[in-house]
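A.B. asks: Hey, dropping structure-v2.cif in here, mmCIF, C-alpha atoms:
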```
data_structure
#
loop_
_atom_site.group_PDB
_atom_site.id
_atom_site.type_symbol
_atom_site.label_atom_id
_atom_site.label_comp_id
_atom_site.auth_asym_id
_atom_site.auth_seq_id
_atom_site.Cartn_x
_atom_site.Cartn_y
_atom_site.Cartn_z
ATOM 1 C CA MET N 1 0.000 0.000 0.000
ATOM 2 C CA SER N 2 1.233 3.510 -0.701
ATOM 3 C CA ILE N 3 0.027 6.997 0.142
ATOM 4 C CA ARG N 4 0.267 9.445 -2.744
ATOM 5 C CA GLU N 5 -0.601 13.113 -2.714
ATOM 6 C CA LYS N 6 -3.334 12.758 -0.145
ATOM 7 C CA ASP N 7 -4.507 15.902 1.665
ATOM 8 C CA PHE N 8 -4.395 15.483 5.435
ATOM 9 C CA GLY N 9 -5.834 18.063 7.788
ATOM 10 C CA ASN N 10 -4.373 19.170 11.106
ATOM 11 C CA GLY N 11 -4.630 16.386 13.685
ATOM 12 C CA THR N 12 -4.775 13.552 11.138
ATOM 13 C CA ALA N 13 -2.572 10.555 11.867
ATOM 14 C CA VAL N 14 -1.512 7.494 9.927
ATOM 15 C CA GLU N 15 -0.286 4.428 11.790
ATOM 16 C CA LEU N 16 2.478 2.413 10.139
ATOM 17 C CA LYS N 17 2.934 -1.190 11.246
ATOM 18 C CA GLY N 18 5.917 -3.442 10.688
ATOM 19 C CA ASN N 19 6.622 -6.967 11.904
ATOM 20 C CA GLN N 20 7.378 -5.949 15.496
ATOM 21 C CA TYR N 21 7.128 -2.182 15.647
ATOM 22 C CA THR N 22 4.513 0.476 15.071
ATOM 23 C CA GLY N 23 5.108 4.092 14.109
ATOM 24 C CA LYS N 24 2.740 7.012 13.692
ATOM 25 C CA LEU N 25 2.926 9.859 11.201
ATOM 26 C CA SER N 26 0.755 12.819 12.098
ATOM 27 C CA VAL N 27 -0.067 16.183 10.603
ATOM 28 C CA GLU N 28 0.246 18.988 13.124
ATOM 29 C CA GLU N 29 0.195 22.785 13.000
ATOM 30 C CA ASN N 30 3.945 22.970 12.461
ATOM 31 C CA GLY N 31 4.069 20.202 9.822
ATOM 32 C CA PHE N 32 4.581 16.465 9.869
ATOM 33 C CA ASN N 33 5.654 14.639 12.982
ATOM 34 C CA PHE N 34 6.853 11.040 13.078
ATOM 35 C CA HIS N 35 6.222 9.302 16.381
ATOM 36 C CA ASP N 36 8.290 6.205 16.998
ATOM 37 C CA ALA N 37 5.478 4.658 18.984
ATOM 38 C CA VAL N 38 5.355 1.174 20.426
ATOM 39 C CA GLY N 39 2.122 -0.684 20.997
ATOM 40 C CA GLN N 40 2.531 -2.503 24.297
ATOM 41 C CA LYS N 41 0.748 -5.793 23.775
ATOM 42 C CA GLU N 42 2.178 -7.692 26.704
ATOM 43 C CA LEU N 43 4.640 -7.412 29.543
ATOM 44 C CA SER N 44 8.222 -8.024 28.379
ATOM 45 C CA ILE N 45 9.805 -10.554 30.765
ATOM 46 C CA LEU N 46 13.599 -10.549 31.065
ATOM 47 C CA LEU N 47 16.362 -12.321 32.945
ATOM 48 C CA PRO N 48 19.419 -10.471 34.336
ATOM 49 C CA SER N 49 21.590 -11.708 31.442
ATOM 50 C CA GLN N 50 19.305 -9.769 29.051
ATOM 51 C CA CYS N 51 19.538 -6.465 30.955
ATOM 52 C CA ASN N 52 22.846 -5.058 29.717
ATOM 53 C CA ASN N 53 21.246 -3.817 26.467
ATOM 54 C CA ILE N 54 17.434 -3.841 26.639
ATOM 55 C CA ASP N 55 15.855 -2.951 23.285
ATOM 56 C CA LEU N 56 13.266 -0.295 24.180
ATOM 57 C CA ARG N 57 11.497 -0.801 20.842
ATOM 58 C CA LEU N 58 9.990 -3.917 22.445
ATOM 59 C CA GLY N 59 7.765 -1.829 24.704
ATOM 60 C CA ASN N 60 7.816 0.383 27.737
ATOM 61 C CA ILE N 61 6.961 -2.033 30.560
ATOM 62 C CA PHE N 62 9.453 -4.734 31.524
ATOM 63 C CA LYS N 63 9.553 -7.298 34.317
ATOM 64 C CA ILE N 64 12.940 -8.586 35.403
ATOM 65 C CA SER N 65 13.250 -11.749 37.475
ATOM 66 C CA LEU N 66 16.299 -11.112 39.658
ATOM 67 C CA THR N 67 17.897 -14.564 39.639
ATOM 68 C CA SER N 68 21.372 -12.961 39.789
ATOM 69 C CA ASN N 69 22.932 -9.514 40.167
ATOM 70 C CA ILE N 70 22.873 -7.085 37.235
ATOM 71 C CA ALA N 71 26.312 -5.460 36.901
ATOM 72 C CA ASN N 72 25.414 -2.987 34.131
ATOM 73 C CA PHE N 73 21.717 -2.302 33.573
ATOM 74 C CA ASP N 74 21.541 -0.517 30.220
ATOM 75 C CA VAL N 75 19.176 0.071 27.304
ATOM 76 C CA SER N 76 19.315 0.725 23.572
ATOM 77 C CA TYR N 77 17.074 2.714 21.220
ATOM 78 C CA PRO N 78 16.032 5.377 23.749
ATOM 79 C CA ASN N 79 13.036 7.415 22.746
ATOM 80 C CA ILE N 80 11.109 10.179 24.460
ATOM 81 C CA GLY N 81 8.626 8.565 26.814
ATOM 82 C CA THR N 82 8.073 6.779 30.093
ATOM 83 C CA TYR N 83 9.444 3.332 30.854
ATOM 84 C CA LEU N 84 8.613 1.063 33.798
ATOM 85 C CA PHE N 85 10.818 -1.739 35.092
ATOM 86 C CA ILE N 86 9.467 -4.225 37.620
ATOM 87 C CA PHE N 87 12.265 -6.008 39.490
ATOM 88 C CA GLU N 88 11.242 -9.160 41.353
ATOM 89 C CA GLN N 89 13.648 -10.935 43.682
ATOM 90 C CA ASP N 90 13.967 -14.707 43.304
ATOM 91 C CA SER N 91 13.454 -17.233 46.116
ATOM 92 C CA SER N 92 16.653 -16.201 47.905
ATOM 93 C CA GLY N 93 16.451 -12.381 47.514
ATOM 94 C CA GLY N 94 19.268 -9.883 47.968
ATOM 95 C CA LYS N 95 20.142 -9.420 44.276
ATOM 96 C CA THR N 96 21.502 -6.017 43.235
ATOM 97 C CA VAL N 97 21.228 -3.809 40.136
ATOM 98 C CA ALA N 98 23.870 -1.313 38.975
ATOM 99 C CA PHE N 99 22.495 1.262 36.513
ATOM 100 C CA SER N 100 24.622 2.670 33.669
ATOM 101 C CA ASP N 101 25.546 6.357 33.522
ATOM 102 C CA GLN N 102 22.609 7.339 31.286
ATOM 103 C CA PHE N 103 20.267 6.891 34.274
ATOM 104 C CA TYR N 104 19.785 9.763 36.731
ATOM 105 C CA PHE N 105 18.129 9.572 40.133
ATOM 106 C CA ILE N 106 17.026 12.164 42.687
ATOM 107 C CA SER N 107 19.953 13.885 44.395
ATOM 108 C CA GLY N 108 20.418 12.638 47.929
ATOM 109 C CA LEU N 109 18.561 9.381 47.261
ATOM 110 C CA GLY N 110 20.653 7.894 44.491
ATOM 111 C CA SER N 111 19.763 4.694 42.705
ATOM 112 C CA PRO N 112 17.594 2.073 44.385
ATOM 113 C CA ASN N 113 19.343 -0.398 46.677
ATOM 114 C CA PHE N 114 17.868 -3.879 46.380
ATOM 115 C CA SER N 115 20.549 -5.742 48.368
ATOM 116 C CA GLY N 116 18.451 -6.025 51.561
ATOM 117 C CA ASP N 117 15.356 -7.298 49.778
ATOM 118 C CA SER N 118 13.914 -10.606 50.876
ATOM 119 C CA ALA N 119 12.657 -13.367 48.596
ATOM 120 C CA GLY N 120 9.820 -12.335 46.285
ATOM 121 C CA THR N 121 10.137 -8.595 46.988
ATOM 122 C CA ILE N 122 9.098 -6.380 44.084
ATOM 123 C CA ASN N 123 10.554 -2.951 43.279
ATOM 124 C CA ILE N 124 9.262 -0.674 40.527
ATOM 125 C CA VAL N 125 11.596 1.798 38.834
ATOM 126 C CA SER N 126 10.144 4.332 36.404
ATOM 127 C CA PHE N 127 12.057 6.557 34.004
ATOM 128 C CA LEU N 128 11.150 9.604 31.993
ATOM 129 C CA CYS N 129 13.384 9.731 28.913
ATOM 130 C CA ASP N 130 14.179 12.946 27.052
ATOM 131 C CA GLY N 131 15.591 10.966 24.121
ATOM 132 C CA THR N 132 19.040 10.385 25.617
ATOM 133 C CA LYS N 133 18.911 10.610 29.425
ATOM 134 C CA PHE N 134 16.638 8.695 31.793
ATOM 135 C CA TYR N 135 15.344 10.430 34.938
ATOM 136 C CA GLY N 136 14.253 7.864 37.478
ATOM 137 C CA THR N 137 12.135 7.413 40.550
ATOM 138 C CA TYR N 138 11.312 4.216 42.361
ATOM 139 C CA MET N 139 8.946 2.497 44.748
ATOM 140 C CA GLN N 140 10.296 -0.336 46.853
ATOM 141 C CA ASP N 141 9.331 -3.329 48.933
ATOM 142 C CA PHE N 142 6.078 -4.496 47.411
ATOM 143 C CA VAL N 143 5.188 -7.894 48.831
ATOM 144 C CA ASN N 144 2.432 -10.324 48.081
ATOM 145 C CA SER N 145 1.067 -11.207 51.515
#
```
Any chance you could give the structure as structure tokens?

C.D. replies:
Amino acid sequence: MSIREKDFGNGTAVELKGNQYTGKLSVEENGFNFHDAVGQKELSILLPSQCNNIDLRLGNIFKISLTSNIANFDVSYPNIGTYLFIFEQDSSGGKTVAFSDQFYFISGLGSPNFSGDSAGTINIVSFLCDGTKFYGTYMQDFVNS
């Protein structure tokens, strides 16, 4: 299918779908805008060995089963948006995560410390990305009682 010389009014959008990814082309007051959007269809589940280069084109919500420490938590294909990472400790707990230098946390608090977490503890880390840097906040110690 192709689009040829079609008049689009302000606010019109066309969604483009590929095998894994979805993009959106919209007409706005200042011209065309391409949105590198991702349709989140399901939770992306990862192991620590997959967390040194997470492909953010896969979605914006990830669950990581902490079966071992993560020495360099990092991502690829950053895009403007919000990303959520759910870290769940395994049956022994105490696993740690070291975030790469593209992640920023609130001054005075620093990055989350998971080392004292017991088995099954869940921590949620959210990031707002400006296209290159990730500004993070976190909520800790969720338990299923």

A.B. asks: For Ser44 in chain N, list every protein, DNA or RNA residue within 7 Å, evaluated using all atoms listed in the file, and leave out those in the same chain fewer than 5 positions away; present the list as a PDB file with C-alpha atoms, in the coordinates of the input.

C.D. replies:
```pdb
ATOM      1  CA  ILE N  61       6.961  -2.033  30.560  1.00  0.00           C
ATOM      2  CA  PHE N  62       9.453  -4.734  31.524  1.00  0.00           C
ATOM      3  CA  LYS N  63       9.553  -7.298  34.317  1.00  0.00           C
TER       4      LYS N  63
END
```

A.B. asks: Here's the selection I'm unsure about, the PyMOL selection byres ((chain N and resi 97) around 12); applied to the file above, which residues does it give, as a ChimeraX atom specification?

C.D. replies: /N:48-49,51-52,64-74,85,87-89,94-96,98-100,111-117,123,125

A.B. asks: By how many Å are CA of Asn79 in chain N and CA of Cys129 in chain N apart?

C.D. replies: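 If I compute the distance from CA of Asn79 in chain N to CA of Cys129 in chain N, I get 6.6 Å.
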
A.B. asks: So that I can check the surroundings of Thr137 in chain N, please list as a ChimeraX atom specification every protein, DNA and RNA residue that reaches within 8 Å of it, counting only C-alpha atoms and ignoring chain neighbours fewer than 3 positions away.

C.D. replies: /N:105-106,125-127

A.B. asks: Just how far from CA of Gly81 in chain N is CA of Gln50 in chain N, in Å to one decimal?

C.D. replies: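 For CA of Gln50 in chain N relative to CA of Gly81 in chain N, the distance reads 21.3 Å.
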
A.B. asks: As an exercise, work out the distance from CA of Met139 in chain N to CA of Gln102 in chain N in Å and give it to one decimal place.

C.D. replies: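 Separation of CA of Met139 in chain N and CA of Gln102 in chain N: 19.8 Å.
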
A.B. asks: Could you check the closest approach to Tyr104 in chain N for each of N:Gly59, N:Gly120, N:Gly131, N:Gly136 and tell me which residue wins, using only C-alpha atoms?

C.D. replies: N:Gly136

A.B. asks: Using all atoms listed in the file, which residue out of N:Ile80, N:Ile86, N:Ile54, N:Val75 lies closest to Ile124 in chain N?

C.D. replies: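 That would be N:Ile86, the residue with the smallest distance to Ile124 in chain N.
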